[in-house]
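Worksheet: one structure, shown below.
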Amino acid sequence: MDSKEVYEIDRTADFIHCKNFTKVALQFPDELLKDSVRVVSALRDKLQLLRESVTEQNGDSKQVRLFVMADTTYGSCCVDEVGASHANADCVIHYGHTCLSPTSTLPAFFVFGKASISISNCAKSLSDYASTNSKPIVVVYGLEYVHAIPHVREELVALSSMQSGPKHQDIHFADVVCSVINPSDDQKNPVGLPRPVGDYSASVEVEAAAGSSYRIGGLIWELPNGHRMEDYLLVWVGSSNSAFANVVLTFNGCEIVRYDALENRLVTDLSQQRRILKRRYYLVEKAKDANIVGILVGTLGVAGYLDMIHQMKELITSAGKKAYTLVMGRPNPAKLANFPECDVFIYVSCAQTALLDSKEFLAPVITPFEAMVAFGRGKQWSGEYVMEFRDLINSSPVEAKDKSEEARFSFMQGRYVEDFDLQESIEEDDGALALVNATEKALQLHDTNSASLVKRTIKSGAEYFANRSYQGLDMHNDNSLPEPYLIGRTGKASGYEHEKSKTDNL
Amino acid sequence: MVKFTAEELRRIMDFKHNIRNMSVIAHVDHGKSTLTDSLVAAAGIIAQEVAGDVRMTDTRQDEAERGITIKSTGISLYYEMSDDALKSYKGERNGNEYLINLIDSPGHVDFSSEVTAALRITDGALVVVDCVEGVCVQTETVLRQALGERIRPVLTVNKMDRCFLELQVDGEEAYQTFQRVIENANVIMATYEDPLLGDCQVYPEKGTVAFSAGLHGWAFTLTNFAKMYASKFGVDEAKMMERLWGENFFDPATKKWTTKNTGSPTCKRGFVQFCYEPIKQIINTCMNDQKDKLWPMLQKLGVTMKSEEKDLMGKALMKRVMQTWLPASNALLEMMIFHLPSPATAQKYRVENLYEGPLDDPYATAIRNCDPEGPLMLYVSKMIPASDKGRFFAFGRVFSGKVSTGLKVRIMGPNYVPGEKKDLYVKSVQRTVIWMGKKQETVEDVPCGNTVAMVGLDQFITKNATLTNEKEVDAHPIRAMKFSVSPVVRVAVQCKVASDLPKLVEGLKRLAKSDPMVVCTIEESGEHIIAGAGELHLEICLKDLQDDFMGGAEIIKSDPVVSFRETVLEKSCRIVMSKSPNKHNRLYMEARPMEDGLAEAIDEGRIGPRDDPKARAKILSEEFGWDKDLAKKIWCFGPETTGPNMVVDMCKGVQYLNEIKDSVVAGFQWASKEGALAEENMRGICFEVCDVVLHADAIHRGGGQIIPTARRVIYASQLTAKPRLLEPVYLVEIQAPEQALGGIYSVLNQKRGHVFEELQRPGTPLYNIKAYLPVVESFGFSGTLRAATSGQAFPQCVFDHWDMMSSDPLEAGSQAAQLVSDIRKRKGLKEQMTPLSEYEDKL
């Protein structure tokens, strides 16, 4: 396929031209960065052409400046608004895989790219699958296949007219919400959320007039009234990526198969994907035992992230736990291990980068939804799953105040445990004595026996540091004589100079 | 029908000298529940006629169906003793009324946690031993437990009817058998003797041994017969008792007592002559329906039968006659009242075992004196499911003070540490209840020395707890119970319908509460795990879970899963090194196996993180040959800071070392919990930090750099030290007749078991076999064994130790490698182990 077509140069140029943007940031994911130069030059040429045609008409038009942005701080699927504002850009063109998360300040234009797919093969697989199942089918797909979907649909119609066998009206296709996001449209919306179709509220499921509409990862589809997602089969066209994982988790009640466009076949064995849900469940149980929670800021662009962080903080505090907010770019094990006092991290980010699960992490990393299940007292996981934190914002944390007095059962320890501070916070409301109480605590006698290898349960970061065996330099050294100076190491960390000889000897 | 009311019971509860708290303990199938029946019958709760068949204390349906006791059941009984019976009682008493709080416990080893819970709240134990099978494995186990808790035992030789009816052995042979049973029991008791409890061996001539036939509801102690004959011979009872046991012979021809068998045909042992023979005679006459002979004999014994009973025939007649002549309740009750301690007596010496705090504080004093006016000290030993689903009674014993309806109590859980707020609640008791047979009676309050069930605390007590008054903030909790079995067999459960998950979670919570031993946890993969002591135990737990706690929602259970341990065989072949992510820090480490017995010492808590470093160094250097200085350089234990693995600092003069200690410890806790082979816990590995090279700037040697590196270097050193898997091994005890031995051996061989002891039980055709059997192979073992021995062999399995599997898990195709890949698959990990090169770095 021609790169000009893949990158939709004409459409992009039209968009920029129509809206009169003068500084445009082009955001490329790492794997497409190599094409950036070609895209920029093609785009510039095209814009030049358009401009000339305009200049002919009314004579004044500004030069459009294009910037290439790469190596985003967070997931490359989100629009990097902070990066774009460094260049003072007034619009972002996003290339490649995206989560279509709404932006908070800048308008964005998405170029999904066009992955190759065998249309006839795909249609055939779909119709075969439909004929073997009695349930109706909903087809959802990776955004890189958007271009092929109308063709698949046509092909299916052709197939069904040929065979007259399976009723293809039972195959529904999801639609793409839009490829342009414009935050200014939704100024009236208090949380800055775009409201695409229907009345959008707390859950994925929306009761619209025509029926319920479902929305995930930029796709939207409607089901006739009275139908539930559980009555449908889901077919995912695309690769097994994070977008697919989201679909599997969100619609965990549905039967899901995947059409692999690279191998041209239907993949029905999704046990590995199913495991994810159980694994998430485990992480939630683990999070319930946490005392110190780190909130990782995983996006600075997705609309409503600040509200989410505030909501999480409130939730955590009301659950009697301590919260710390951490901004560290993309988390990795080494970064997270710098905060060994945190028992669990909540990763506030767009839906598709939200699932961070690796054995390498010292503490589990969970999503805001999981945090709500874990820290909302008396809340139980009923099987539903919400990936996008925007869908959670309005769901009231009031439930966390549910006064079920029963002690919490911890499956990590196999017994009942009591959450800290729940009782204490009630007692300490007395403002006049607050200071006295605080000093009393500060003067508590701590375990002075530093040789003791036991660690008490720790409730805050300060306490963690107080408990460490290393407390910083020992200033009480009796020896006041100056130390003789020593010659340090020289050379590189991969082998200092004095070590070279040692390795040679070996 | 019930002869007593709750008010009567409540009244005696105040007489602390007239209370006996006792549990009935024995090997499985030795007749505990049956014998308990006769006692309950005597209290009038069930009819005398059906005693022995009802099994009053087996309240659950599955208990009745299987014919085994699963849960220990408490019952409060009231008796009024006659003045006559009590005239030789020397101890303190308050009137003739007695309250017996009796707990029937299960005999199967899988449920021995129930026995532990029962023993904690009682002061005395009735040890039941089958006269034919003798002292068995479980008899020994429960006796050991009892003595560990300072419970005074009395013995009853049960199933006497078998001697007379089945085996038809003659008197002398029977005497020898009984004598051996008693001797065996005494040997055990002598082994676990406790100076404060004093001599707790049992002697028939002192009245601490009874002979009973639970099924037929009769029993006697030598006191019964001694009383009968004392007047006849004109000697006092005590003298007569001595003559009725041991080397005392009587020759009716000469009417002389000797201490040796004179050899004359009429010369018989006192016991045979005066106890065994008369019973045998009566039984035989009854069984042969020689009623004409029977009535005069009975008259001589002073036994009067009701007229309608005179029409009974055969066994029924025999049962009735024996019950009337030698009622089991009389003999046993007398034995209990005379020889088992009252709470007031028992708590004097038990306080040391019970109370965790200083023994001179007001709480210890109150327990010691069994002071009803003192502060409340109450131990909840188990939770009993109530009839309304999902709620539980907290069942326990009041050691001091009084617990009453509406009282606000401080609940100190097993993890409570005095002075902290962890695991501590203040709640009020909604109702206090006592058990009277199958029904519960609400009472206003329960004073110390009694068992009690409480309503309204179940949401705050998992399995056990110490309760005290609201204001008693200084009270220490009562020591936690120590179980003799551990939950080694595990199954993963999930619900058939995904939306039943909340039900399953709720069900598991309740299950965890209802059983002292079961542990409900969650795996890394998100599966719910139920761990129990054995196959039978799990089976019962799963049944309870599904039927009672989940309202019948269907569950799917996996095959039993056994957890393994990872260890090393040798010292690492080289010092391994790993670099931090920024390549600026290097850790050098070595792994080596711990000395023999050290891991066990850590398990037992003899060596642990809380020790004084000097004391620890002493044990390590004296018992395990450690260098004294080295012993002081232990950085930590793990996993969970207490496990049987260590990190030891072997570095010399390394800069900033103390700065990274916390990070290395964190990495070690993590790594030792999930070993490199199959992410099983590590066991018995000592990691030595050999050298450390760190970046000069603190920011570049922070936790983020060191923790993952420590984990990697630990894995690398494990993999270079010939890693091995440890599998759990059961100690199996089987009792079977000789002809079944062949079958037993073949089954054991087939299951990788090996026999290390085979003993014939003297005087019986029975053999006792002790063998080691891997837990993995034990599933279906008892079924196979029963099939191979046509039901003659019955195994008892208890977790014994961890055994190293000799095959190398790193060698492709070996048994251990197969096992590792199975475990990894189950856990949803990559099937291939991560290679050493991922963990070890080169300079």
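Residue numbers start at 1 in each chain; chains themselves are named A, B, ... in the order of the structure tokens; ligands are numbered from 1 in the order shown.
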- prompt: If we count only C-alpha atoms, which residues of chain B reach to within 7 Å of chain A? Please list them as an MDAnalysis selection string.
  reply: chainID B and resid 422:423 459:460 462 499 501:502 509 519:522 524:527 583:584 609:610 636 641 658:659 662 702:705 707:708 843
- request: Identify, on the basis of only C-alpha atoms, every residue whose closest approach to His695 in chain B does not exceed 7 Å; exclude the query and any residue fewer than 4 positions from it along the same chain; express the result as a PyMOL selection string.
  value: chain B and resi 584-585+700-701
- request: Just the strand (DSSP E or B) stuff from range 301-424 of chain B, please, per backbone DSSP, written as an MDAnalysis selection string.
  value: chainID B and resid 327 355 377:385 392:400 402:404 408:412 424
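Near range 286-299 of chain B, within 10 Å and counting only C-alpha atoms, sit B:Leu165, B:Pro278, B:Lys280, B:Gln281, B:Ile282, B:Ile283, B:Asn284, B:Leu301, B:Gly302, B:Val303, B:Thr304, B:Met305, B:Lys310, B:Asp311, B:Leu312, B:Met313, B:Gly314, B:Lys315, B:Ala316, B:Leu317, B:Met318, B:Lys319, B:Arg320, B:Val321, B:Met322, B:Thr324, B:Trp325, not including residues fewer than 2 positions from it in the same chain.
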Write to file, as a compact mmCIF listing (two decimals), in the first residue's frame, the residues of the selection just made, with N, CA, C and O atoms.
# COMPACT_ATOMS: atom_id res chain seq x y z
N LEU B 165 -18.30 -61.56 73.82
CA LEU B 165 -19.16 -62.09 72.78
C LEU B 165 -18.37 -62.55 71.56
O LEU B 165 -18.54 -63.66 71.07
N PRO B 278 -17.67 -63.12 86.98
CA PRO B 278 -19.09 -62.88 87.23
C PRO B 278 -19.78 -62.22 86.04
O PRO B 278 -20.90 -62.62 85.69
N LYS B 280 -18.89 -62.38 82.92
CA LYS B 280 -18.97 -63.38 81.87
C LYS B 280 -20.15 -64.32 82.12
O LYS B 280 -20.91 -64.63 81.19
N GLN B 281 -20.29 -64.69 83.37
CA GLN B 281 -21.35 -65.62 83.74
C GLN B 281 -22.72 -65.01 83.44
O GLN B 281 -23.57 -65.64 82.81
N ILE B 282 -22.89 -63.78 83.85
CA ILE B 282 -24.18 -63.12 83.64
C ILE B 282 -24.46 -63.01 82.15
O ILE B 282 -25.54 -63.32 81.67
N ILE B 283 -23.46 -62.57 81.42
CA ILE B 283 -23.66 -62.38 79.98
C ILE B 283 -24.03 -63.70 79.32
O ILE B 283 -24.97 -63.77 78.53
N ASN B 284 -23.29 -64.73 79.69
CA ASN B 284 -23.59 -66.03 79.08
C ASN B 284 -25.00 -66.49 79.40
O ASN B 284 -25.71 -66.99 78.53
N LEU B 301 -27.06 -60.08 93.40
CA LEU B 301 -26.30 -58.85 93.14
C LEU B 301 -27.08 -57.61 93.50
O LEU B 301 -26.58 -56.50 93.37
N GLY B 302 -28.32 -57.81 93.89
CA GLY B 302 -29.13 -56.67 94.26
C GLY B 302 -29.63 -55.92 93.05
O GLY B 302 -29.83 -54.71 93.08
N VAL B 303 -29.82 -56.59 91.94
CA VAL B 303 -30.32 -55.93 90.74
C VAL B 303 -31.78 -56.30 90.56
O VAL B 303 -32.11 -57.48 90.56
N THR B 304 -32.61 -55.30 90.46
CA THR B 304 -34.02 -55.61 90.23
C THR B 304 -34.40 -55.11 88.85
O THR B 304 -34.10 -53.98 88.47
N MET B 305 -35.06 -55.98 88.13
CA MET B 305 -35.47 -55.64 86.78
C MET B 305 -36.94 -55.31 86.78
O MET B 305 -37.71 -55.86 87.54
N LYS B 310 -38.36 -58.12 81.80
CA LYS B 310 -38.06 -59.54 82.00
C LYS B 310 -38.42 -60.38 80.79
O LYS B 310 -37.98 -61.52 80.65
N ASP B 311 -39.23 -59.78 79.88
CA ASP B 311 -39.61 -60.55 78.69
C ASP B 311 -38.58 -60.46 77.58
O ASP B 311 -38.68 -61.16 76.59
N LEU B 312 -37.60 -59.56 77.77
CA LEU B 312 -36.60 -59.40 76.71
C LEU B 312 -35.82 -60.69 76.54
O LEU B 312 -35.73 -61.51 77.44
N MET B 313 -35.25 -60.84 75.35
CA MET B 313 -34.52 -62.07 75.06
C MET B 313 -33.12 -61.72 74.57
O MET B 313 -32.89 -60.66 74.01
N GLY B 314 -32.20 -62.65 74.73
CA GLY B 314 -30.87 -62.59 74.13
C GLY B 314 -30.13 -61.30 74.40
O GLY B 314 -30.01 -60.85 75.54
N LYS B 315 -29.67 -60.69 73.32
CA LYS B 315 -28.81 -59.52 73.43
C LYS B 315 -29.50 -58.37 74.15
O LYS B 315 -28.91 -57.68 74.98
N ALA B 316 -30.77 -58.17 73.79
CA ALA B 316 -31.52 -57.08 74.39
C ALA B 316 -31.61 -57.27 75.90
O ALA B 316 -31.43 -56.33 76.68
N LEU B 317 -31.84 -58.48 76.29
CA LEU B 317 -31.94 -58.79 77.72
C LEU B 317 -30.59 -58.54 78.40
O LEU B 317 -30.51 -57.88 79.44
N MET B 318 -29.55 -59.03 77.71
CA MET B 318 -28.21 -58.87 78.26
C MET B 318 -27.90 -57.39 78.44
O MET B 318 -27.39 -56.98 79.48
N LYS B 319 -28.21 -56.61 77.43
CA LYS B 319 -27.91 -55.18 77.47
C LYS B 319 -28.62 -54.54 78.66
O LYS B 319 -28.03 -53.78 79.43
N ARG B 320 -29.86 -54.88 78.80
CA ARG B 320 -30.69 -54.29 79.85
C ARG B 320 -30.18 -54.68 81.23
O ARG B 320 -30.08 -53.85 82.14
N VAL B 321 -29.86 -55.95 81.34
CA VAL B 321 -29.40 -56.46 82.64
C VAL B 321 -28.10 -55.77 83.02
O VAL B 321 -27.94 -55.28 84.14
N MET B 322 -27.20 -55.72 82.05
CA MET B 322 -25.91 -55.12 82.34
C MET B 322 -26.04 -53.64 82.67
O MET B 322 -25.37 -53.12 83.55
N THR B 324 -28.49 -52.21 84.03
CA THR B 324 -29.07 -52.04 85.35
C THR B 324 -28.06 -52.37 86.45
O THR B 324 -27.97 -51.70 87.47
N TRP B 325 -27.28 -53.41 86.14
CA TRP B 325 -26.32 -53.85 87.15
C TRP B 325 -25.14 -52.87 87.23
O TRP B 325 -24.77 -52.39 88.30
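With CA of Lys628 in chain B on one side and CA of Gly667 in chain B on the other, the separation reads 25.9 Å.
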- line: Using only C-alpha atoms, the residue out of A:Pro136, A:Gly298, A:Gly329, A:Gly217 with shortest distance to Ile346 in chain A is A:Gly298
task: Might you pull out every residue within 9 Å of Ala290 in chain A, with only C-alpha atoms counted and same-chain residues fewer than 2 positions away left off, and present them as a PyMOL selection string?
output: chain A and resi 286-288+292-293+321+342-344
Using C-alpha atoms, can you export the residues from the last selection as a CSV table (one decimal), in the first residue's frame?
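Output file result-v8.csv follows:
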chain,number,residue,atom,x,y,z
A,286,LYS,CA,-3.8,-8.4,47.4
A,287,ALA,CA,-4.6,-4.7,47.3
A,288,LYS,CA,-7.1,-5.1,50.0
A,292,ILE,CA,0.2,2.4,51.8
A,293,VAL,CA,-1.0,3.1,48.3
A,321,LYS,CA,-5.0,4.0,54.1
A,342,CYS,CA,4.1,1.2,48.8
A,343,ASP,CA,2.1,-2.0,49.1
A,344,VAL,CA,0.2,-1.4,45.9
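Our summary of the geometry notes that CA of Ile25 in chain B is positioned 5.1 Å from CA of Val127 in chain B.
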query: Got a sec to tell me which of range 205-401 of chain A DSSP assigns to helix (DSSP H, G or I), as an MDAnalysis selection string?
result: chainID A and resid 229:231 242:250 271:288 305:318 333:336 351:353 368:375 390:393 397:401
task: For Phe220 in chain B, work out the shell of residues within 12 Å, counting only C-alpha atoms and skipping chain neighbours fewer than 4 positions away, then give it as JSON, numbers by chain.
output: {"B": [155, 156, 157, 158, 160, 204, 207, 208, 209, 210, 211, 212, 213, 214, 224, 225, 226, 227, 228, 275, 276, 279, 322, 323, 324, 325, 326, 327, 328, 329, 330, 331, 332, 333, 334, 335]}
task: Write out as a PyMOL selection string which residues come within 12 Å of Leu306 in chain A when counting only C-alpha atoms, dropping same-chain ones fewer than 5 positions away.
output: chain A and resi 104+191-192+295-301+311-313+325+348-349+389-390+393
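CA of Asn21 in chain B sits 13.4 Å away from CA of Arg350 in chain B.
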